[in-house]
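Chemist: The following block contains the structure, expressed as structure tokens.
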Amino acid sequence: MGQIAVICDSTCDMPHELMAAGGVSVVPLKAIFGSEVYQDNIELSAAAFWEKVRNSPHRPRTSQPAPGEFIQAYEAARAAGADGAVVVLLSSGVSGTYQAARIAREALPDFPIELIDTKLASGGIGMVALEAAKVARRGASLAEVAALARRRCEQAWLLLVVDSLEWLHRNGRIGRAAALLGSLFSLRPILTLAKSDGVITPIERTRGRARALARVGELVREKVPVGSRLHLAVLHGDCERDGRRLYDELAQQYELVDPYFGPVGSVIGSNIGPGAFGVVFYPD
């Protein structure tokens, strides 16, 4: 009997080497600078992306995978001997990536595929996919792997602070935060992806960046008791110092399980812009 394959998309924002070592295949989205098109985190690393943001005359745009790219990933999993696949995907509330994966599934009716609309983004996708793959390696069934992934998505919280709503607005990802446009000044919105539909939704506004950073830590502590075992990813948009400060604070207060810290890649970065930072977390 073959193992269940786990697949995710590149908005997991974790290095492909890490995902491959954890048994997760990654389908890339694309970042576009003018006429230049790059596969997210394959042809354009996070570091190279932020360098281009600083120096390119073009603002980046993004493109989701075509269904054919998911078909290739499904067929590769089947050819490798998998009995089925669990596919962990960026929130359908902010991207058509889930829809592309669903269309691709219809092309392989004899290969069982469970699609997970995470209602998450970035490191949340990576954490869930890696944990699902760990369970799959232990011999869990398709239903068991999918159930774990869905449970973790329900437990997970994403908190995001952006320096400017312009990037989300320009790329059509602003969701319910549109109500804040033109009213922020020195205020920093704390955003999330709604559990109901995965759309970007404001939680509250804080005054100043330092207060926003402190408030995100407070919100984590409000949701998960200090001292608990915590799955945590802290990611940043070209502002490593602030991201590291938040990560170090939480690392002192929780027993972290498979934590991750790093920059967001080209697709998420194109939508949240420089100076953004966020956390995704759930209790063990």
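By convention in this document, the chains of the structure tokens carry letters A, B, ... by their order, each chain's residues are numbered from 1, and ligands are numbered from 1 in the order they are shown.
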If you run DSSP on the backbone here, which positions in range 30-274 of chain A get strand (DSSP E or B)? Please write them as number ranges by chain.

Modeler: A: 30-33, 36-40, 44, 61-63, 84-89, 113-117, 157-161, 187-193, 200-207, 229-236, 255-263

Chemist: Which neighbours of range 102-111 of chain A fall inside 10 Å, counting only C-alpha atoms, when residues of the same chain fewer than 4 positions from it are skipped, and could you give them as a compact mmCIF listing (two decimals) with C-alpha atoms, in the first residue's frame?

Modeler:
```
# COMPACT_ATOMS: atom_id res chain seq x y z
CA ALA A 66 -2.97 26.82 -14.13
CA PRO A 67 -4.96 23.62 -13.54
CA GLY A 68 -2.41 21.80 -15.70
CA GLU A 69 0.31 22.50 -13.13
CA PHE A 70 -1.76 20.81 -10.45
CA ILE A 71 -2.48 17.91 -12.80
CA GLN A 72 1.27 17.42 -13.19
CA ALA A 73 1.69 17.36 -9.41
CA TYR A 74 -1.15 14.86 -8.98
CA GLU A 75 0.20 12.61 -11.72
CA ALA A 77 2.30 11.66 -6.84
CA ARG A 78 0.41 8.77 -8.44
CA ALA A 82 0.82 7.28 -3.67
CA ASP A 83 -2.68 5.99 -2.96
CA GLY A 84 -4.09 9.51 -2.90
CA ALA A 85 -3.18 13.11 -2.16
CA VAL A 87 -3.61 19.27 -1.15
CA GLY A 96 -8.19 31.36 -7.36
CA THR A 97 -5.50 28.77 -6.57
CA TYR A 98 -8.02 26.51 -4.82
CA LEU A 115 -8.48 19.59 -1.20
```

Chemist: Which polymer residues have any atom within 8 Å of an atom of range 13-19 of chain A, counting only C-alpha atoms, with same-chain residues fewer than 3 positions away left out, as number ranges by chain?

Modeler: A: 10, 22-26, 41-42, 122-123, 126, 130, 262-265, 268

Chemist: Just to be explicit: take each residue in the selection above, keep N, CA and C atoms, and write the result as a PDB file, in the first residue's frame.

Modeler:
```pdb
ATOM      1  N   SER A  10       3.002  27.404  -3.333  1.00  0.00           N
ATOM      2  CA  SER A  10       4.219  28.092  -2.897  1.00  0.00           C
ATOM      3  C   SER A  10       3.969  29.269  -1.964  1.00  0.00           C
ATOM      4  N   GLY A  22      10.496  17.512   4.256  1.00  0.00           N
ATOM      5  CA  GLY A  22       9.337  17.108   5.042  1.00  0.00           C
ATOM      6  C   GLY A  22       8.338  16.278   4.273  1.00  0.00           C
ATOM      7  N   GLY A  23       8.630  15.986   2.999  1.00  0.00           N
ATOM      8  CA  GLY A  23       7.746  15.145   2.207  1.00  0.00           C
ATOM      9  C   GLY A  23       6.591  15.862   1.557  1.00  0.00           C
ATOM     10  N   VAL A  24       6.727  17.161   1.330  1.00  0.00           N
ATOM     11  CA  VAL A  24       5.656  17.960   0.730  1.00  0.00           C
ATOM     12  C   VAL A  24       6.093  18.448  -0.642  1.00  0.00           C
ATOM     13  N   SER A  25       5.273  18.202  -1.670  1.00  0.00           N
ATOM     14  CA  SER A  25       5.500  18.752  -3.004  1.00  0.00           C
ATOM     15  C   SER A  25       4.857  20.122  -3.096  1.00  0.00           C
ATOM     16  N   VAL A  26       5.487  21.044  -3.825  1.00  0.00           N
ATOM     17  CA  VAL A  26       5.018  22.428  -3.881  1.00  0.00           C
ATOM     18  C   VAL A  26       4.730  22.829  -5.325  1.00  0.00           C
ATOM     19  N   ASN A  41       9.662  31.389  -5.455  1.00  0.00           N
ATOM     20  CA  ASN A  41      10.586  30.640  -4.598  1.00  0.00           C
ATOM     21  C   ASN A  41      11.340  29.536  -5.326  1.00  0.00           C
ATOM     22  N   ILE A  42      11.241  29.504  -6.653  1.00  0.00           N
ATOM     23  CA  ILE A  42      12.063  28.586  -7.447  1.00  0.00           C
ATOM     24  C   ILE A  42      13.017  29.418  -8.303  1.00  0.00           C
ATOM     25  N   SER A 122       0.573  31.951   3.743  1.00  0.00           N
ATOM     26  CA  SER A 122       1.969  31.993   4.147  1.00  0.00           C
ATOM     27  C   SER A 122       2.326  30.804   5.043  1.00  0.00           C
ATOM     28  N   GLY A 123       3.042  31.063   6.142  1.00  0.00           N
ATOM     29  CA  GLY A 123       3.559  29.978   6.970  1.00  0.00           C
ATOM     30  C   GLY A 123       2.494  29.056   7.522  1.00  0.00           C
ATOM     31  N   GLY A 126       2.326  26.202   5.213  1.00  0.00           N
ATOM     32  CA  GLY A 126       3.493  25.351   5.373  1.00  0.00           C
ATOM     33  C   GLY A 126       3.424  24.493   6.620  1.00  0.00           C
ATOM     34  N   LEU A 130       3.297  20.400   6.430  1.00  0.00           N
ATOM     35  CA  LEU A 130       4.380  19.603   6.999  1.00  0.00           C
ATOM     36  C   LEU A 130       3.868  18.654   8.076  1.00  0.00           C
ATOM     37  N   GLY A 262      11.052  33.573   9.028  1.00  0.00           N
ATOM     38  CA  GLY A 262      11.676  33.923   7.762  1.00  0.00           C
ATOM     39  C   GLY A 262      10.878  34.970   7.011  1.00  0.00           C
ATOM     40  N   PRO A 263      11.374  35.369   5.848  1.00  0.00           N
ATOM     41  CA  PRO A 263      10.673  36.364   5.028  1.00  0.00           C
ATOM     42  C   PRO A 263       9.549  35.730   4.214  1.00  0.00           C
ATOM     43  N   VAL A 264       8.537  36.510   3.910  1.00  0.00           N
ATOM     44  CA  VAL A 264       7.521  36.046   2.970  1.00  0.00           C
ATOM     45  C   VAL A 264       8.129  36.063   1.574  1.00  0.00           C
ATOM     46  N   GLY A 265       7.621  35.200   0.716  1.00  0.00           N
ATOM     47  CA  GLY A 265       8.108  35.115  -0.652  1.00  0.00           C
ATOM     48  C   GLY A 265       7.459  36.119  -1.574  1.00  0.00           C
ATOM     49  N   ILE A 268       3.122  36.392  -1.717  1.00  0.00           N
ATOM     50  CA  ILE A 268       2.551  37.059  -0.550  1.00  0.00           C
ATOM     51  C   ILE A 268       3.147  38.459  -0.419  1.00  0.00           C
TER      52      ILE A 268
END
```

Chemist: Name the residues in contact with range 27-40 of chain A at a cut-off of 8 Å, using only C-alpha atoms, excluding same-chain residues fewer than 5 positions from it; report them as a ChimeraX atom specification.

Modeler: /A:7-11,45,56,58-65,69-70,73,265-267,270

Chemist: For Ala136 in chain A, please output as a PyMOL selection string all residues within 7 Å (counting only C-alpha atoms; exclusion window: fewer than 4 positions along the same chain).

Modeler: chain A and resi 3-4+132+140+145

Chemist: Write the residues of the preceding selection, restricted to N, CA and C atoms, as a compact mmCIF listing (two decimals), in the first residue's frame.

Modeler:
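Output (result-v3.txt):
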```txt
# COMPACT_ATOMS: atom_id res chain seq x y z
N GLN A 3 1.87 5.38 0.28
CA GLN A 3 1.68 6.47 1.24
C GLN A 3 0.81 7.55 0.62
N ILE A 4 0.15 8.33 1.47
CA ILE A 4 -0.61 9.48 0.99
C ILE A 4 0.34 10.63 0.70
N ALA A 132 0.81 17.44 8.22
CA ALA A 132 0.04 16.41 7.51
C ALA A 132 0.97 15.37 6.90
N ALA A 140 -0.92 6.98 7.96
CA ALA A 140 -2.31 7.41 8.08
C ALA A 140 -3.02 7.33 6.73
N VAL A 145 -5.36 11.89 7.18
CA VAL A 145 -4.47 13.01 6.89
C VAL A 145 -5.28 14.27 6.61
```

Chemist: Which one is closest to Lys195 in chain A: A:Gln155, A:Ser228, A:Gln99, A:Ser141? Count only C-alpha atoms.

Modeler: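 Looking at the shortest contact to Lys195 in chain A, the residue is A:Gln155.
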
Chemist: So that I can see what lies close to Gly124 in chain A, please list as number ranges by chain the residues with an atom at most 8 Å from it, counting only C-alpha atoms and leaving out residues fewer than 4 positions away in the same chain.

Modeler: A: 12, 120, 128, 156, 158, 233, 280-281

Chemist: At a cut-off of 12 Å, using only C-alpha atoms, what residues contact Ala251 in chain A? Leave out same-chain residues fewer than 2 positions from it and give the result as a VMD selection string.

Modeler: chain A and resid 217 220 to 221 226 to 234 244 to 249 253 to 261

Chemist: Quick one: of A:Val94, A:Asp284, A:Glu240, A:Ala47, who's nearest to Arg151 in chain A, counting only C-alpha atoms?

Modeler: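 When distances to Arg151 in chain A are compared using only C-alpha atoms, the smallest one comes from A:Asp284.
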
Chemist: So how far away is CA of Gly275 in chain A from CA of Ile190 in chain A, in Å?

Modeler: 13.3 Å

Chemist: Check the smallest atom-to-atom distance from each of A:Val224, A:Cys239, A:Leu250, A:Leu191 to Leu159 in chain A using only C-alpha atoms, then report the winner.

Modeler: A:Leu191

Chemist: Write down as a ChimeraX atom specification the residues belonging to range 70-257 of chain A that are assigned alpha helix (DSSP H) by DSSP computed on the backbone.

Modeler: /A:70-79,97-105,123-137,142-155,166-170,209-223,240-253

Chemist: Hey, which of A:Pro225, A:Pro202, A:Gly93, A:Gly81 ends up closest to Thr118 in chain A? Count only C-alpha atoms.

Modeler: A:Gly93

Chemist: Between CA of Gly273 in chain A and CA of Val162 in chain A, what distance in Å does the model show, to one decimal?

Modeler: 7.3 Å
